[in-house]
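Trainee: Structure provided below as structure tokens; questions to follow.
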Amino acid sequence: MEKATQKLVLSVYNMEGQIVSEREVSPAVFGVAVNPSIVHFASVVQQANKRTVLASTKGRGEVRGGGKKPWRQKGTGRARHGSIRSPLWKGGGVVFGPRTERNYSMKINKKVKRQALTMVLSERFSEGRVVLVDDFSVPTAKTKQAFGVLKKLPLPDFEKGKKVGIITAPHSTAVSRSLRNVPTVRLLPVGSLNVYDLLHVPTVVIPLASIDLIEKQYAASPKA
């Protein structure tokens with residue numbers, strides 16, 4: 001006899017902070033067992049792939065000067081040297097120094113990447129830090145108005161300066177314009193959700209339009 005799957009339900013709030021309905025969410029997105037090693041690996045891969053190589057040193061064949069032997073080989077009483085570009089000299093080449101050819105990129109399977117993202121969402125759900133809103137629209141694109149909506153929602157520690165992430169649906173330009181300069185708000189487009197950004201927001205606000213897209217994209221297993 002198969003064990004019945006427990007339903008996962010979230011309250012849906014309006015822009016005034018009042019509960020207007022309930023929404024059943026997918027266990028494949030919000031009910032996944034968390035494996036910290038997978039989440040950590042996905043976060044490390046993402047940071048490694050964003051890393052920009054800036055440091056670059058010159059070898060003895062690239063530094064300026066050194067065409068002439070500093071002094072003759074014998075008879076001076078000094079150690080023999082053939083070029084001032086030697087790594088032994090100040091201003092000479094660098095041995096085994098950092099180069100721009102270094103590659104820090106790492107690979108991760110699509111299934112593992114998706115699994116890590118659902119694990120973070122599931123952890124936020126289990127902690128009670130996923131807030132659904134029926135609509136998050138700010139017609140005038142005013143920061144004060146959008147910030148006032150967030151203050152009415154049950155966001156733990158938001159008043160104390162903790163960050164909150166808003167998963168925005170496509171074409172949500174008014175919301176993006178009104179909250180993009182607020183330091184305690186991180187806008188997370190639903191089309192580019194990632195583990196690193198989700199880990200840095202203790203609470204997530206999801207409009208109903210966005211959660212439909214999330215479940216459609218992440219509930220099904222990716223094709224091999």
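Residue numbers start at 1 in each chain; chains themselves are named A, B, ... in the order of the structure tokens; ligands are numbered from 1 in the order shown.
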Excluding Ser83 of chain A and residues on its chain fewer than 4 positions from it, collect all residues at most 9 Å away from it, counting only C-alpha atoms, and give them as number ranges by chain.

Mentor: A: 65-70, 89, 92

Trainee: So that I can check the surroundings of Val32 of chain A, please list as a PyMOL selection string every protein, DNA and RNA residue that reaches within 9 Å of it, counting only C-alpha atoms and ignoring chain neighbours fewer than 5 positions away.

Mentor: chain A and resi 27+115+118-123

Trainee: Do you know which residues are at most 8 Å from Val53 of chain A counting only C-alpha atoms, after dropping those on the same chain fewer than 4 positions away, and could you put them as an NGL selection string?

Mentor: :A and (99-100 or 102)

Trainee: Using N, CA and C atoms, can you export the residues from the last selection as a PDB file, in the first residue's frame?

Mentor:
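again-v9.pdb written:
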ATOM      1  N   ARG A  99      48.619  34.038 -13.790  1.00  0.00           N
ATOM      2  CA  ARG A  99      48.450  34.395 -15.193  1.00  0.00           C
ATOM      3  C   ARG A  99      46.955  34.464 -15.516  1.00  0.00           C
ATOM      4  N   THR A 100      46.615  35.211 -16.543  1.00  0.00           N
ATOM      5  CA  THR A 100      45.214  35.340 -16.936  1.00  0.00           C
ATOM      6  C   THR A 100      44.695  34.077 -17.626  1.00  0.00           C
ATOM      7  N   ARG A 102      44.551  31.265 -16.331  1.00  0.00           N
ATOM      8  CA  ARG A 102      43.969  30.355 -15.352  1.00  0.00           C
ATOM      9  C   ARG A 102      42.465  30.215 -15.562  1.00  0.00           C
TER      10      ARG A 102
END

Trainee: Residues within 12 Å of Lys58 of chain A, please, as a PyMOL selection string. Count only C-alpha atoms; anything in the same chain fewer than 5 positions from it doesn't count.

Mentor: chain A and resi 63-64+85-87+91-100

Trainee: Take the residues from that selection and put them in a file with N, CA and C atoms, as a PDB file, in the first residue's frame.

Mentor:
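Writing done, so here's again_38.pdb:
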ATOM      1  N   VAL A  63      59.571  40.949 -19.378  1.00  0.00           N
ATOM      2  CA  VAL A  63      59.927  42.210 -18.730  1.00  0.00           C
ATOM      3  C   VAL A  63      60.909  42.983 -19.595  1.00  0.00           C
ATOM      4  N   ARG A  64      60.965  44.271 -19.331  1.00  0.00           N
ATOM      5  CA  ARG A  64      61.791  45.145 -20.146  1.00  0.00           C
ATOM      6  C   ARG A  64      63.263  45.043 -19.760  1.00  0.00           C
ATOM      7  N   ARG A  85      66.964  40.470 -16.333  1.00  0.00           N
ATOM      8  CA  ARG A  85      65.579  39.988 -16.331  1.00  0.00           C
ATOM      9  C   ARG A  85      65.431  38.682 -15.544  1.00  0.00           C
ATOM     10  N   SER A  86      66.483  38.228 -14.967  1.00  0.00           N
ATOM     11  CA  SER A  86      66.436  37.015 -14.165  1.00  0.00           C
ATOM     12  C   SER A  86      65.513  37.206 -12.957  1.00  0.00           C
ATOM     13  N   PRO A  87      64.805  36.194 -12.529  1.00  0.00           N
ATOM     14  CA  PRO A  87      63.943  36.316 -11.336  1.00  0.00           C
ATOM     15  C   PRO A  87      64.716  36.670 -10.072  1.00  0.00           C
ATOM     16  N   GLY A  91      62.900  43.728 -10.262  1.00  0.00           N
ATOM     17  CA  GLY A  91      62.393  44.149 -11.558  1.00  0.00           C
ATOM     18  C   GLY A  91      62.488  43.073 -12.620  1.00  0.00           C
ATOM     19  N   GLY A  92      62.983  41.898 -12.229  1.00  0.00           N
ATOM     20  CA  GLY A  92      63.082  40.805 -13.180  1.00  0.00           C
ATOM     21  C   GLY A  92      61.764  40.056 -13.323  1.00  0.00           C
ATOM     22  N   GLY A  93      61.802  38.960 -14.066  1.00  0.00           N
ATOM     23  CA  GLY A  93      60.600  38.166 -14.280  1.00  0.00           C
ATOM     24  C   GLY A  93      60.152  37.452 -13.015  1.00  0.00           C
ATOM     25  N   VAL A  94      58.917  37.003 -13.007  1.00  0.00           N
ATOM     26  CA  VAL A  94      58.325  36.301 -11.871  1.00  0.00           C
ATOM     27  C   VAL A  94      58.203  34.826 -12.223  1.00  0.00           C
ATOM     28  N   VAL A  95      58.619  33.981 -11.281  1.00  0.00           N
ATOM     29  CA  VAL A  95      58.536  32.539 -11.490  1.00  0.00           C
ATOM     30  C   VAL A  95      57.207  32.011 -10.949  1.00  0.00           C
ATOM     31  N   PHE A  96      56.484  31.284 -11.773  1.00  0.00           N
ATOM     32  CA  PHE A  96      55.225  30.656 -11.370  1.00  0.00           C
ATOM     33  C   PHE A  96      54.217  31.663 -10.803  1.00  0.00           C
ATOM     34  N   GLY A  97      54.213  32.863 -11.348  1.00  0.00           N
ATOM     35  CA  GLY A  97      53.256  33.864 -10.894  1.00  0.00           C
ATOM     36  C   GLY A  97      51.883  33.655 -11.504  1.00  0.00           C
ATOM     37  N   PRO A  98      50.857  34.355 -11.000  1.00  0.00           N
ATOM     38  CA  PRO A  98      49.504  34.214 -11.555  1.00  0.00           C
ATOM     39  C   PRO A  98      49.424  34.721 -12.984  1.00  0.00           C
ATOM     40  N   ARG A  99      48.619  34.038 -13.790  1.00  0.00           N
ATOM     41  CA  ARG A  99      48.450  34.395 -15.193  1.00  0.00           C
ATOM     42  C   ARG A  99      46.955  34.464 -15.516  1.00  0.00           C
ATOM     43  N   THR A 100      46.615  35.211 -16.543  1.00  0.00           N
ATOM     44  CA  THR A 100      45.214  35.340 -16.936  1.00  0.00           C
ATOM     45  C   THR A 100      44.695  34.077 -17.626  1.00  0.00           C
TER      46      THR A 100
END

Trainee: Rank A:Ser11, A:Gln6, A:Thr143, A:Ser105 by their smallest atom-to-atom distance to Val130 of chain A, using only C-alpha atoms, and report the top residue only.

Mentor: A:Ser11

Trainee: Could you tell me how far atom CA of Ala42 of chain A sits from atom CA of Asn109 of chain A, in Å to one decimal place?

Mentor: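 Computed distance, atom CA of Asn109 of chain A to atom CA of Ala42 of chain A, equals 9.6 Å.
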
Trainee: Go through segment 24-190 of chain A and collect every residue that DSSP, computed from the backbone, puts in alpha helix (DSSP H); the answer should be as number ranges by chain.

Mentor: A: 27-30, 36-50, 110-126, 143-152, 173-179

Trainee: Which neighbours of Arg177 of chain A fall inside 10 Å, counting only C-alpha atoms, when residues of the same chain fewer than 3 positions from it are skipped, and could you give them as a ChimeraX atom specification?

Mentor: /A:138,140-143,146,172-174,180-181
